[in-house]
file final06.pdb (PDB, C-alpha atoms, pLDDT in the B column)
ATOM      1  CA  MET A   1     -30.081 283.158-109.426  1.00 55.00           C
ATOM      2  CA  TRP A   2     -27.624 285.785-110.630  1.00 58.00           C
ATOM      3  CA  THR A   3     -24.315 285.384-112.453  1.00 60.00           C
ATOM      4  CA  TYR A   4     -20.969 287.180-112.489  1.00 59.00           C
ATOM      5  CA  LYS A   5     -18.738 286.564-115.525  1.00 60.00           C
ATOM      6  CA  PRO A   6     -15.298 288.132-115.072  1.00 60.00           C
ATOM      7  CA  SER A   7     -13.896 289.788-118.195  1.00 61.00           C
ATOM      8  CA  HIS A   8     -10.323 288.605-118.084  1.00 63.00           C
ATOM      9  CA  GLY A   9      -9.908 286.891-121.454  1.00 63.00           C
ATOM     10  CA  ALA A  10      -7.962 289.813-122.941  1.00 67.00           C
ATOM     11  CA  LEU A  11      -5.636 289.776-119.945  1.00 71.00           C
ATOM     12  CA  GLY A  12      -5.029 286.083-120.568  1.00 71.00           C
ATOM     13  CA  VAL A  13      -4.083 286.710-124.187  1.00 74.00           C
ATOM     14  CA  LEU A  14      -1.685 289.507-123.167  1.00 76.00           C
ATOM     15  CA  LEU A  15      -0.064 287.325-120.505  1.00 78.00           C
ATOM     16  CA  ILE A  16       0.400 284.488-123.001  1.00 79.00           C
ATOM     17  CA  GLY A  17       1.974 286.901-125.511  1.00 80.00           C
ATOM     18  CA  ALA A  18       4.342 288.355-122.914  1.00 80.00           C
ATOM     19  CA  ALA A  19       5.257 284.865-121.761  1.00 80.00           C
ATOM     20  CA  VAL A  20       6.094 283.780-125.298  1.00 80.00           C
ATOM     21  CA  LEU A  21       8.354 286.834-125.699  1.00 80.00           C
ATOM     22  CA  LEU A  22      10.134 286.123-122.413  1.00 77.00           C
ATOM     23  CA  LEU A  23      10.568 282.446-123.226  1.00 78.00           C
ATOM     24  CA  GLY A  24      11.848 283.340-126.701  1.00 78.00           C
ATOM     25  CA  ARG A  25      14.380 285.742-125.197  1.00 74.00           C
ATOM     26  CA  THR A  26      15.485 283.027-122.791  1.00 73.00           C
ATOM     27  CA  ALA A  27      15.926 280.555-125.644  1.00 74.00           C
ATOM     28  CA  LEU A  28      18.053 283.083-127.552  1.00 73.00           C
ATOM     29  CA  VAL A  29      20.372 283.504-124.559  1.00 68.00           C
ATOM     30  CA  PHE A  30      20.905 279.757-124.300  1.00 67.00           C
ATOM     31  CA  PHE A  31      21.208 278.883-127.973  1.00 67.00           C
ATOM     32  CA  GLN A  32      23.437 281.596-129.409  1.00 66.00           C
ATOM     33  CA  ASP A  33      26.545 279.949-130.858  1.00 56.00           C
ATOM     34  CA  ASP A  34      28.915 282.882-131.013  1.00 55.00           C
ATOM     35  CA  ILE A  35      28.545 284.064-127.410  1.00 57.00           C
ATOM     36  CA  ILE A  36      30.186 282.274-124.526  1.00 58.00           C
ATOM     37  CA  ILE A  37      27.565 281.929-121.846  1.00 60.00           C
ATOM     38  CA  GLN A  38      28.519 283.599-118.602  1.00 65.00           C
ATOM     39  CA  SER A  39      27.150 282.559-115.227  1.00 65.00           C
ATOM     40  CA  ASP A  40      25.321 285.864-114.644  1.00 67.00           C
ATOM     41  CA  LYS A  41      23.522 285.519-117.991  1.00 69.00           C
ATOM     42  CA  ILE A  42      22.459 281.981-117.109  1.00 70.00           C
ATOM     43  CA  GLY A  43      20.884 283.249-113.875  1.00 74.00           C
ATOM     44  CA  ILE A  44      19.006 285.970-115.729  1.00 74.00           C
ATOM     45  CA  ALA A  45      17.885 283.491-118.386  1.00 72.00           C
ATOM     46  CA  VAL A  46      16.600 281.054-115.755  1.00 74.00           C
ATOM     47  CA  LEU A  47      14.732 283.854-113.978  1.00 79.00           C
ATOM     48  CA  LEU A  48      13.184 285.022-117.266  1.00 76.00           C
ATOM     49  CA  GLY A  49      12.222 281.438-118.047  1.00 76.00           C
ATOM     50  CA  ILE A  50      10.497 280.946-114.696  1.00 81.00           C
ATOM     51  CA  VAL A  51       8.641 284.261-114.974  1.00 81.00           C
ATOM     52  CA  GLY A  52       7.629 283.398-118.533  1.00 80.00           C
ATOM     53  CA  CYS A  53       6.291 279.991-117.494  1.00 81.00           C
ATOM     54  CA  VAL A  54       4.273 281.470-114.628  1.00 82.00           C
ATOM     55  CA  MET A  55       2.840 284.149-116.917  1.00 81.00           C
ATOM     56  CA  PHE A  56       1.969 281.519-119.524  1.00 82.00           C
ATOM     57  CA  TYR A  57       0.235 279.382-116.882  1.00 82.00           C
ATOM     58  CA  PHE A  58      -1.943 282.216-115.542  1.00 81.00           C
ATOM     59  CA  GLY A  59      -2.592 283.588-119.011  1.00 81.00           C
ATOM     60  CA  SER A  60      -3.776 280.234-120.316  1.00 80.00           C
ATOM     61  CA  MET A  61      -6.021 279.772-117.257  1.00 79.00           C
ATOM     62  CA  LEU A  62      -7.632 283.168-117.815  1.00 76.00           C
ATOM     63  CA  PHE A  63      -8.026 282.564-121.544  1.00 77.00           C
ATOM     64  CA  PHE A  64      -9.493 279.092-120.924  1.00 76.00           C
ATOM     65  CA  SER A  65     -12.075 280.562-118.532  1.00 74.00           C
ATOM     66  CA  LEU A  66     -13.101 283.006-121.274  1.00 73.00           C
ATOM     67  CA  VAL A  67     -13.447 280.243-123.882  1.00 74.00           C
ATOM     68  CA  THR A  68     -15.437 277.946-121.572  1.00 72.00           C
ATOM     69  CA  GLY A  69     -17.748 280.725-120.355  1.00 69.00           C
ATOM     70  CA  TYR A  70     -16.798 280.537-116.683  1.00 71.00           C
ATOM     71  CA  GLY A  71     -19.089 282.452-114.355  1.00 73.00           C
ATOM     72  CA  CYS A  72     -19.768 282.733-110.627  1.00 77.00           C
ATOM     73  CA  ARG A  73     -23.401 281.992-109.863  1.00 83.00           C
ATOM     74  CA  LEU A  74     -25.107 283.529-106.863  1.00 85.00           C
ATOM     75  CA  VAL A  75     -27.889 281.361-105.455  1.00 86.00           C
ATOM     76  CA  ILE A  76     -29.721 282.384-102.289  1.00 86.00           C
ATOM     77  CA  SER A  77     -31.962 279.637-100.936  1.00 87.00           C
ATOM     78  CA  GLU A  78     -33.487 278.486 -97.657  1.00 86.00           C
ATOM     79  CA  GLU A  79     -30.391 276.355 -97.003  1.00 88.00           C
ATOM     80  CA  GLY A  80     -27.838 279.147 -97.420  1.00 89.00           C
ATOM     81  CA  VAL A  81     -25.932 281.222 -99.947  1.00 90.00           C
ATOM     82  CA  ARG A  82     -23.828 279.747-102.753  1.00 89.00           C
ATOM     83  CA  TYR A  83     -21.478 282.022-104.690  1.00 86.00           C
ATOM     84  CA  GLY A  84     -19.340 280.238-107.267  1.00 81.00           C
ATOM     85  CA  THR A  85     -17.721 277.343-105.429  1.00 82.00           C
ATOM     86  CA  ARG A  86     -18.192 278.861-101.963  1.00 86.00           C
ATOM     87  CA  TYR A  87     -21.097 277.974 -99.731  1.00 88.00           C
ATOM     88  CA  TYR A  88     -22.256 279.935 -96.687  1.00 89.00           C
ATOM     89  CA  SER A  89     -24.865 278.291 -94.442  1.00 89.00           C
ATOM     90  CA  TRP A  90     -27.308 280.532 -92.611  1.00 87.00           C
ATOM     91  CA  ARG A  91     -25.779 279.432 -89.296  1.00 90.00           C
ATOM     92  CA  LYS A  92     -22.499 281.068 -90.321  1.00 88.00           C
ATOM     93  CA  ILE A  93     -24.005 284.299 -91.682  1.00 88.00           C
ATOM     94  CA  HIS A  94     -24.538 287.192 -89.272  1.00 87.00           C
ATOM     95  CA  TRP A  95     -26.446 289.438 -91.680  1.00 87.00           C
ATOM     96  CA  LEU A  96     -27.281 289.820 -95.365  1.00 86.00           C
ATOM     97  CA  ASP A  97     -28.266 292.923 -97.280  1.00 85.00           C
ATOM     98  CA  ALA A  98     -28.285 294.294-100.801  1.00 84.00           C
ATOM     99  CA  ARG A  99     -26.632 297.710-100.842  1.00 83.00           C
ATOM    100  CA  MET A 100     -26.060 300.256-103.579  1.00 85.00           C
ATOM    101  CA  ARG A 101     -22.697 299.778-105.304  1.00 82.00           C
ATOM    102  CA  ASP A 102     -21.682 300.960-108.774  1.00 78.00           C
ATOM    103  CA  GLY A 103     -25.197 302.092-109.655  1.00 82.00           C
ATOM    104  CA  CYS A 104     -27.082 298.928-108.698  1.00 82.00           C
ATOM    105  CA  TYR A 105     -27.752 296.818-105.631  1.00 85.00           C
ATOM    106  CA  GLN A 106     -25.163 294.145-104.852  1.00 84.00           C
ATOM    107  CA  VAL A 107     -25.471 291.495-102.144  1.00 86.00           C
ATOM    108  CA  LEU A 108     -23.291 291.929 -99.070  1.00 84.00           C
ATOM    109  CA  ILE A 109     -22.996 289.326 -96.331  1.00 86.00           C
ATOM    110  CA  ALA A 110     -21.266 289.376 -92.974  1.00 86.00           C
ATOM    111  CA  ARG A 111     -20.103 286.057 -91.628  1.00 85.00           C
ATOM    112  CA  ARG A 112     -20.193 285.334 -87.913  1.00 82.00           C
ATOM    113  CA  SER A 113     -16.502 284.461 -87.710  1.00 81.00           C
ATOM    114  CA  GLY A 114     -13.308 284.771 -89.681  1.00 75.00           C
ATOM    115  CA  ILE A 115     -10.668 287.366 -90.381  1.00 79.00           C
ATOM    116  CA  ILE A 116     -12.559 289.032 -93.216  1.00 75.00           C
ATOM    117  CA  ARG A 117     -16.178 288.923 -92.171  1.00 82.00           C
ATOM    118  CA  GLN A 118     -17.875 291.080 -94.805  1.00 82.00           C
ATOM    119  CA  ARG A 119     -17.966 289.885 -98.401  1.00 82.00           C
ATOM    120  CA  TRP A 120     -19.514 291.415-101.503  1.00 83.00           C
ATOM    121  CA  LEU A 121     -21.206 288.865-103.758  1.00 83.00           C
ATOM    122  CA  THR A 122     -20.972 290.757-107.025  1.00 80.00           C
ATOM    123  CA  THR A 123     -23.179 290.002-110.032  1.00 79.00           C
ATOM    124  CA  ASP A 124     -23.081 291.440-113.546  1.00 77.00           C
ATOM    125  CA  ASP A 125     -26.435 293.233-113.576  1.00 78.00           C
ATOM    126  CA  GLY A 126     -26.942 293.647-109.855  1.00 79.00           C
ATOM    127  CA  LEU A 127     -30.419 293.908-108.409  1.00 83.00           C
ATOM    128  CA  THR A 128     -33.097 296.484-108.975  1.00 85.00           C
ATOM    129  CA  GLN A 129     -34.917 298.123-106.060  1.00 87.00           C
ATOM    130  CA  GLU A 130     -37.881 295.770-106.621  1.00 90.00           C
ATOM    131  CA  GLN A 131     -35.657 292.664-106.669  1.00 87.00           C
ATOM    132  CA  ARG A 132     -33.884 293.820-103.513  1.00 87.00           C
ATOM    133  CA  ASP A 133     -37.169 294.408-101.688  1.00 89.00           C
ATOM    134  CA  LYS A 134     -38.527 291.021-102.807  1.00 90.00           C
ATOM    135  CA  LEU A 135     -35.304 289.256-101.720  1.00 87.00           C
ATOM    136  CA  ILE A 136     -35.282 290.905 -98.279  1.00 88.00           C
ATOM    137  CA  HIS A 137     -39.004 290.221 -97.802  1.00 90.00           C
ATOM    138  CA  SER A 138     -38.533 286.550 -98.746  1.00 88.00           C
ATOM    139  CA  LEU A 139     -35.596 286.210 -96.353  1.00 88.00           C
ATOM    140  CA  GLU A 140     -37.530 287.808 -93.498  1.00 88.00           C
ATOM    141  CA  GLN A 141     -40.524 285.528 -94.124  1.00 89.00           C
ATOM    142  CA  ARG A 142     -38.786 282.195 -94.828  1.00 89.00           C
ATOM    143  CA  VAL A 143     -35.278 282.230 -93.347  1.00 88.00           C
ATOM    144  CA  VAL A 144     -35.038 284.665 -90.424  1.00 87.00           C
ATOM    145  CA  PRO A 145     -37.711 282.848 -88.314  1.00 88.00           C
ATOM    146  CA  ASN A 146     -35.555 279.686 -88.434  1.00 88.00           C
ATOM    147  CA  PHE A 147     -32.324 281.511 -87.566  1.00 87.00           C
ATOM    148  CA  PRO A 148     -32.921 284.122 -84.846  1.00 84.00           C
ATOM    149  CA  HIS A 149     -29.344 285.477 -85.028  1.00 86.00           C
ATOM    150  CA  LEU A 150     -29.745 286.388 -88.709  1.00 85.00           C
ATOM    151  CA  ARG A 151     -30.554 289.941 -89.783  1.00 84.00           C
ATOM    152  CA  ALA A 152     -31.648 290.969 -93.263  1.00 84.00           C
ATOM    153  CA  GLY A 153     -32.265 294.256 -95.017  1.00 79.00           C
ATOM    154  CA  ASP A 154     -32.736 297.402 -92.956  1.00 74.00           C
ATOM    155  CA  THR A 155     -32.107 295.584 -89.672  1.00 70.00           C
ATOM    156  CA  ALA A 156     -28.725 294.522 -91.056  1.00 61.00           C
ATOM    157  CA  HIS A 157     -27.652 298.163 -91.353  1.00 58.00           C
ATOM    158  CA  ALA A 158     -27.934 298.669 -87.609  1.00 57.00           C
ATOM    159  CA  VAL A 159     -26.018 295.459 -86.895  1.00 50.00           C
ATOM    160  CA  GLY A 160     -23.393 296.243 -89.537  1.00 47.00           C
ATOM    161  CA  GLU A 161     -22.703 299.708 -88.180  1.00 47.00           C
ATOM    162  CA  ASN A 162     -22.970 298.774 -84.511  1.00 45.00           C
ATOM    163  CA  GLN A 163     -20.752 295.763 -83.842  1.00 45.00           C
ATOM    164  CA  THR A 164     -22.369 294.987 -80.457  1.00 39.00           C
ATOM    165  CA  ALA A 165     -24.513 292.171 -81.815  1.00 40.00           C
ATOM    166  CA  SER A 166     -23.990 288.729 -80.349  1.00 40.00           C
ATOM    167  CA  THR A 167     -21.676 286.366 -82.183  1.00 40.00           C
ATOM    168  CA  GLU A 168     -22.261 283.363 -79.935  1.00 43.00           C
ATOM    169  CA  PRO A 169     -22.959 280.041 -81.659  1.00 43.00           C
ATOM    170  CA  VAL A 170     -26.565 279.283 -82.437  1.00 42.00           C
ATOM    171  CA  LYS A 171     -28.076 276.528 -80.314  1.00 46.00           C
ATOM    172  CA  GLU A 172     -29.916 273.970 -82.372  1.00 45.00           C
ATOM    173  CA  THR A 173     -33.462 273.217 -81.333  1.00 46.00           C
ATOM    174  CA  ALA A 174     -35.175 269.948 -82.069  1.00 45.00           C
ATOM    175  CA  ASP A 175     -38.442 270.214 -83.976  1.00 44.00           C
ATOM    176  CA  ALA A 176     -41.437 268.459 -82.497  1.00 42.00           C
ATOM    177  CA  SER A 177     -42.658 267.353 -85.919  1.00 38.00           C
TER
END
call {"tool": "encode", "arguments": {"input": "final06.pdb", "output": "structure tokens"}}
result
Amino acid sequence: MWTYKPSHGALGVLLIGAAVLLLGRTALVFFQDDIIIQSDKIGIAVLLGIVGCVMFYFGSMLFFSLVTGYGCRLVISEEGVRYGTRYYSWRKIHWLDARMRDGCYQVLIARRSGIIRQRWLTTDDGLTQEQRDKLIHSLEQRVVPNFPHLRAGDTAHAVGENQTASTEPVKETADAS
């Protein structure tokens, strides 16, 4: 199991600060006694208020995820791949590989259908060469025999570069046991 913890707490604090400034500016436009409020200033004030509220919402979400220690966990098992809240069953995965990205190996999957088929499953530390080899070996020994359409490791490179591989649905076979 690997984890990815996004570093967006500082962005949340900045968004909250900017939102407070925008909302304060909006309040000043509405509550000044000596200025007669014109209709164009009301429109600008409402727009600033809406933008400020949206920024405050996203900023507080990002800050809350920092405080609570939110992280996306990557779990690869015999049932499928779970990344954060997303789950990919082996029936829906065309190939899986760990490729070099940003100085370490990151997991890359290609789904069998969908608009965006390839997806990087990024983790903080990535995988070492030994971890990658062990993962690919385990997949080839435990998972690939049960799902003949699935490719892992070096065989995935050929399928990923040559898009002639079959994408027909996998027929389920009943086990005799």
call {"tool": "resolve_selection", "arguments": {"input": "final06.pdb", "expression": "the PyMOL selection byres ((chain A and resi 57) around 12)", "output": "ChimeraX atom specification"}}
result
/A:12-13,15-20,50-56,58-64
call {"tool": "resolve_selection", "arguments": {"input": "final06.pdb", "expression": "the PyMOL selection byres ((chain A and resi 90) around 10)", "output": "short mmCIF file (atom, residue, chain, number, x, y, z; two decimals) with C-alpha atoms, in the coordinates of the input"}}
result
data_model
loop_
_atom_site.label_atom_id
_atom_site.label_comp_id
_atom_site.auth_asym_id
_atom_site.auth_seq_id
_atom_site.Cartn_x
_atom_site.Cartn_y
_atom_site.Cartn_z
CA SER A 77 -31.96 279.64 -100.94
CA GLU A 78 -33.49 278.49 -97.66
CA GLU A 79 -30.39 276.36 -97.00
CA GLY A 80 -27.84 279.15 -97.42
CA VAL A 81 -25.93 281.22 -99.95
CA TYR A 87 -21.10 277.97 -99.73
CA TYR A 88 -22.26 279.94 -96.69
CA SER A 89 -24.86 278.29 -94.44
CA ARG A 91 -25.78 279.43 -89.30
CA LYS A 92 -22.50 281.07 -90.32
CA ILE A 93 -24.00 284.30 -91.68
CA HIS A 94 -24.54 287.19 -89.27
CA TRP A 95 -26.45 289.44 -91.68
CA LEU A 96 -27.28 289.82 -95.36
CA ARG A 111 -20.10 286.06 -91.63
CA ARG A 112 -20.19 285.33 -87.91
CA VAL A 143 -35.28 282.23 -93.35
CA VAL A 144 -35.04 284.67 -90.42
CA ASN A 146 -35.56 279.69 -88.43
CA PHE A 147 -32.32 281.51 -87.57
CA HIS A 149 -29.34 285.48 -85.03
CA LEU A 150 -29.74 286.39 -88.71
#
call {"tool": "closest_residue", "arguments": {"input": "final06.pdb", "among": "A:Leu22, A:Ile115, A:Ala152, A:Ile76", "to": "Glu140 of chain A", "atoms": "only C-alpha atoms"}}
result
A:Ala152
call {"tool": "atom_distance", "arguments": {"input": "final06.pdb", "atom1": "atom CA of Leu127 of chain A", "atom2": "atom CA of Leu11 of chain A"}}
result
27.6 Å
call {"tool": "atom_distance", "arguments": {"input": "final06.pdb", "atom1": "atom CA of Trp120 of chain A", "atom2": "atom CA of Ile136 of chain A"}}
result
16.1 Å
call {"tool": "atom_distance", "arguments": {"input": "final06.pdb", "atom1": "atom CA of Leu121 of chain A", "atom2": "atom CA of His137 of chain A"}}
result
18.8 Å
call {"tool": "resolve_selection", "arguments": {"input": "final06.pdb", "expression": "the PyMOL selection byres ((chain A and resi 84) around 10)", "output": "MDAnalysis selection string"}}
result
chainID A and resid 3:4 70:75 81:83 85:87 121
call {"tool": "axis_aligned_box", "arguments": {"input": "final06.pdb", "around": "segment 125-138 of chain A", "padding_each_side": "3 Å", "output": "JSON"}}
result
{"center_x": -32.7, "center_y": 292.3, "center_z": -105.7, "size_x": 18.6, "size_y": 17.6, "size_z": 21.8}
call {"tool": "residues_around", "arguments": {"input": "final06.pdb", "residues": "Gly126 of chain A", "least_positions_apart": "5", "cutoff": "12 Å", "atoms": "all atoms listed in the file", "output": "list in words"}}
result
Met1, Trp2, Thr3, Tyr4, Leu74, Ala98, Arg99, Met100, Arg101, Asp102, Gly103, Cys104, Tyr105, Gln106, Val107, Leu108, Trp120, Leu121, Gln131 and Arg132 of chain A
